[in-house]
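Trainee: Structure below; questions to follow.
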Amino acid sequence: MTPTAARTGPPLVGRFAALLALVVVTLVGVRWIVEPDHSRRNLEFMPDMSVSPATESQTVAGALPGGYSQQALVAGVVPRGVTPFRYGPDDAEAQRAGRELSSPFAADDAAAQARGAEVFRIHCVPCHDAAGGGQGTAVLRGMLPPPPLKGINAMQMPDGQMFHVLTLGSGNMPAMRTRLSAADRWAVIRHVRALQTAKAAAPEEATPPQEGAPGETAPGKEENR
């Protein structure tokens with residue numbers, strides 16, 4: 001090797017190739033080090049509270065009041081999708097609901113009546129029976145019978161008061177506001193009104209003649225001549 005070649009070193013192309021190879025090896029190594037492993041949870045350092053540990057419902061949580069994760073709603077909070085019901089459970093409040101609340105469904109709303117019939121079949125028939133007479137399977141097995149929905153009290157009860165009974169319960173009737181949406185409760189009332197209308201329109205059953213009634217001959221006896 002001549003002194004000139006020794007001073008200039010490898011050709012320029014060779015030095016560029018070596019540098020490029022070094023860069024490639026470095027990038028591959030860095031990628032291998034920082035690439036996340038999708039089979040396990042990655043580690044985070046100082047997330048600045050952007051992600052907080054979650055607790056399961058109804059589990060112990062010492063940092064919360066009462067020591068459990070399940071907490072009561074703050075007074076005045078209305079959950080999303082829930083219609084506020086600002087009436088108390090007593091009779092005076094039920095009567096006030098009857099004066100102030102009215103059904104959002106018209107009497108001829110076929111869709112609401114069909115929905116009410118379906119909800120009534122699922123949630124009400126076991127006690128009230130399909131016709132609303134109060135002789136459902138639960139009653140036949142020992143439960144106290146509810147008042148008939150075709151009785152004078154139920155027929156004269158305003159829609160708002162009936163909605164109050166459905167929402168908060170009354171007597172042996174449980175509150176249905178956690179089971180049925182407000183729309184479904186109004187739809188059930190629409191179906192009950194349809195049952196009552198059908199009952200009112202039905203002809204009265206003929207009463208069999210009593211023995212000895214004027215102008216009638218008792219069965220098995222001849223008329224005196």
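Simple scheme: letters A, B, ... for chains in structure tokens order, numbers from 1 for residues in each chain, numbers from 1 for ligands in the order shown.
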Using only C-alpha atoms, find each residue in range 74-101 of chain A having at least one atom no more than 10 Å away from range 166-184 of chain A; report its shortest atom-to-atom pair and that distance in Å (one decimal), rows by chain then rising number, as JSON lines.
Mentor:
```
{"residue": "A:Gly81", "atom": "CA", "partner": "A:Ser181", "partner_atom": "CA", "distance": 9.1}
{"residue": "A:Val82", "atom": "CA", "partner": "A:Ser181", "partner_atom": "CA", "distance": 7.7}
{"residue": "A:Thr83", "atom": "CA", "partner": "A:Ala182", "partner_atom": "CA", "distance": 6.8}
{"residue": "A:Pro84", "atom": "CA", "partner": "A:Ala182", "partner_atom": "CA", "distance": 9.5}
{"residue": "A:Phe85", "atom": "CA", "partner": "A:Thr167", "partner_atom": "CA", "distance": 8.5}
{"residue": "A:Tyr87", "atom": "CA", "partner": "A:Leu168", "partner_atom": "CA", "distance": 9.1}
{"residue": "A:Gly88", "atom": "CA", "partner": "A:Leu168", "partner_atom": "CA", "distance": 8.4}
{"residue": "A:Pro89", "atom": "CA", "partner": "A:Leu168", "partner_atom": "CA", "distance": 6.3}
{"residue": "A:Asp90", "atom": "CA", "partner": "A:Ser170", "partner_atom": "CA", "distance": 9.1}
{"residue": "A:Asp91", "atom": "CA", "partner": "A:Ser170", "partner_atom": "CA", "distance": 9.3}
{"residue": "A:Ala94", "atom": "CA", "partner": "A:Leu168", "partner_atom": "CA", "distance": 9.4}
```
Trainee: Restricting the output to C-alpha atoms, write the selected residues as a short mmCIF file (atom, residue, chain, number, x, y, z; two decimals), in the first residue's frame.
Mentor:
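New file again-v8.cif:
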```
data_model
loop_
_atom_site.label_atom_id
_atom_site.label_comp_id
_atom_site.auth_asym_id
_atom_site.auth_seq_id
_atom_site.Cartn_x
_atom_site.Cartn_y
_atom_site.Cartn_z
CA GLY A 81 -82.16 8.33 30.39
CA VAL A 82 -84.24 8.37 33.59
CA THR A 83 -87.27 10.63 33.88
CA PRO A 84 -87.34 12.42 37.25
CA PHE A 85 -90.28 11.48 39.46
CA TYR A 87 -93.61 12.66 44.11
CA GLY A 88 -93.65 11.05 47.52
CA PRO A 89 -95.09 7.62 48.35
CA ASP A 90 -98.19 8.68 50.34
CA ASP A 91 -101.80 8.93 49.17
CA ALA A 94 -100.53 9.90 44.55
#
```
Trainee: Could you give me, as number ranges by chain, each residue of range 20-122 of chain A that DSSP assigns to helix (DSSP H, G or I) when run on this structure's backbone?
Mentor: A: 20-34, 65-67, 91-100, 110-122
Trainee: Grab the residues selected above and save them as a tab-separated table (two decimals), in the first residue's frame with C-alpha atoms.
Mentor:
```
chain	number	residue	atom	x	y	z
A	20	LEU	CA	-25.57	2.70	6.31
A	21	ALA	CA	-25.23	-0.80	7.74
A	22	LEU	CA	-24.58	0.65	11.19
A	23	VAL	CA	-27.70	2.84	10.93
A	24	VAL	CA	-29.85	-0.13	9.87
A	25	VAL	CA	-28.57	-2.31	12.70
A	26	THR	CA	-29.21	0.52	15.19
A	27	LEU	CA	-32.77	1.09	13.97
A	28	VAL	CA	-33.59	-2.64	14.09
A	29	GLY	CA	-32.20	-2.86	17.60
A	30	VAL	CA	-34.14	0.17	18.81
A	31	ARG	CA	-37.36	-1.17	17.28
A	32	TRP	CA	-36.83	-4.53	18.93
A	33	ILE	CA	-36.34	-2.83	22.29
A	34	VAL	CA	-39.27	-0.41	22.18
A	65	PRO	CA	-67.32	6.23	52.08
A	66	GLY	CA	-68.67	3.05	53.58
A	67	GLY	CA	-65.73	1.03	52.32
A	91	ASP	CA	-101.80	8.93	49.17
A	92	ALA	CA	-101.76	12.72	48.98
A	93	GLU	CA	-98.80	12.59	46.60
A	94	ALA	CA	-100.53	9.90	44.55
A	95	GLN	CA	-103.58	12.16	44.17
A	96	ARG	CA	-101.33	15.09	43.26
A	97	ALA	CA	-99.71	12.94	40.56
A	98	GLY	CA	-103.20	12.16	39.30
A	99	ARG	CA	-103.91	15.87	38.91
A	100	GLU	CA	-100.57	16.87	37.41
A	110	ALA	CA	-102.00	1.34	18.54
A	111	ALA	CA	-98.22	1.01	18.91
A	112	ALA	CA	-98.33	2.08	22.55
A	113	GLN	CA	-101.19	-0.27	23.28
A	114	ALA	CA	-99.37	-3.18	21.63
A	115	ARG	CA	-96.24	-2.42	23.66
A	116	GLY	CA	-98.32	-2.13	26.81
A	117	ALA	CA	-99.97	-5.48	26.15
A	118	GLU	CA	-96.57	-7.14	25.82
A	119	VAL	CA	-95.19	-5.54	28.99
A	120	PHE	CA	-98.42	-6.40	30.84
A	121	ARG	CA	-98.12	-10.03	29.75
A	122	ILE	CA	-94.57	-10.27	31.09
```
Trainee: For Thr197 in chain A, which residue among A:Pro11, A:Pro47, A:Gly151, A:Gly62 is the nearest when counting only C-alpha atoms?
Mentor: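 Of all the options, A:Gly151 lies closest to Thr197 in chain A.
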Trainee: Work out how far CA of Asp129 in chain A is from CA of Pro146 in chain A, in Å to one decimal.
Mentor: 10.1 Å
Trainee: Might you pull out every residue within 12 Å of Asp108 in chain A, with only C-alpha atoms counted and same-chain residues fewer than 5 positions away left off, and present them as a list in words?
Mentor: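 Neighbouring residues, sequence-local ones excluded: Gln113, Ala114, Ala187, Arg190, His191, Arg193 and Ala194 of chain A.
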Trainee: Between CA of Gln71 in chain A and CA of Glu56 in chain A, what is the spacing in Å?
Mentor: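 Separating CA of Glu56 in chain A from CA of Gln71 in chain A is a distance of 12.0 Å.
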Trainee: Which residues, written as a VMD selection string, have at least one atom at most 9 Å from Val125 in chain A, with only C-alpha atoms counted and residues fewer than 4 positions away on the same chain left out?
Mentor: chain A and resid 120 to 121 129 to 132 134 to 137
Trainee: Skip Ile189 in chain A itself and residues of its chain fewer than 3 positions away, then list as a PyMOL selection string all residues within 8 Å of it, counting only C-alpha atoms.
Mentor: chain A and resi 116+159+162-163+185-186+192-193
Trainee: What does the file look like for those residues with C-alpha atoms, as a compact mmCIF listing (two decimals), in the first residue's frame?
Mentor:
```txt
# COMPACT_ATOMS: atom_id res chain seq x y z
CA GLY A 116 -98.32 -2.13 26.81
CA ASP A 159 -103.75 8.05 34.58
CA MET A 162 -102.05 4.92 38.23
CA PHE A 163 -98.60 5.91 37.02
CA ARG A 185 -95.29 2.21 32.45
CA TRP A 186 -97.42 4.62 30.44
CA VAL A 192 -105.26 -1.31 31.09
CA ARG A 193 -107.53 1.41 29.72
```
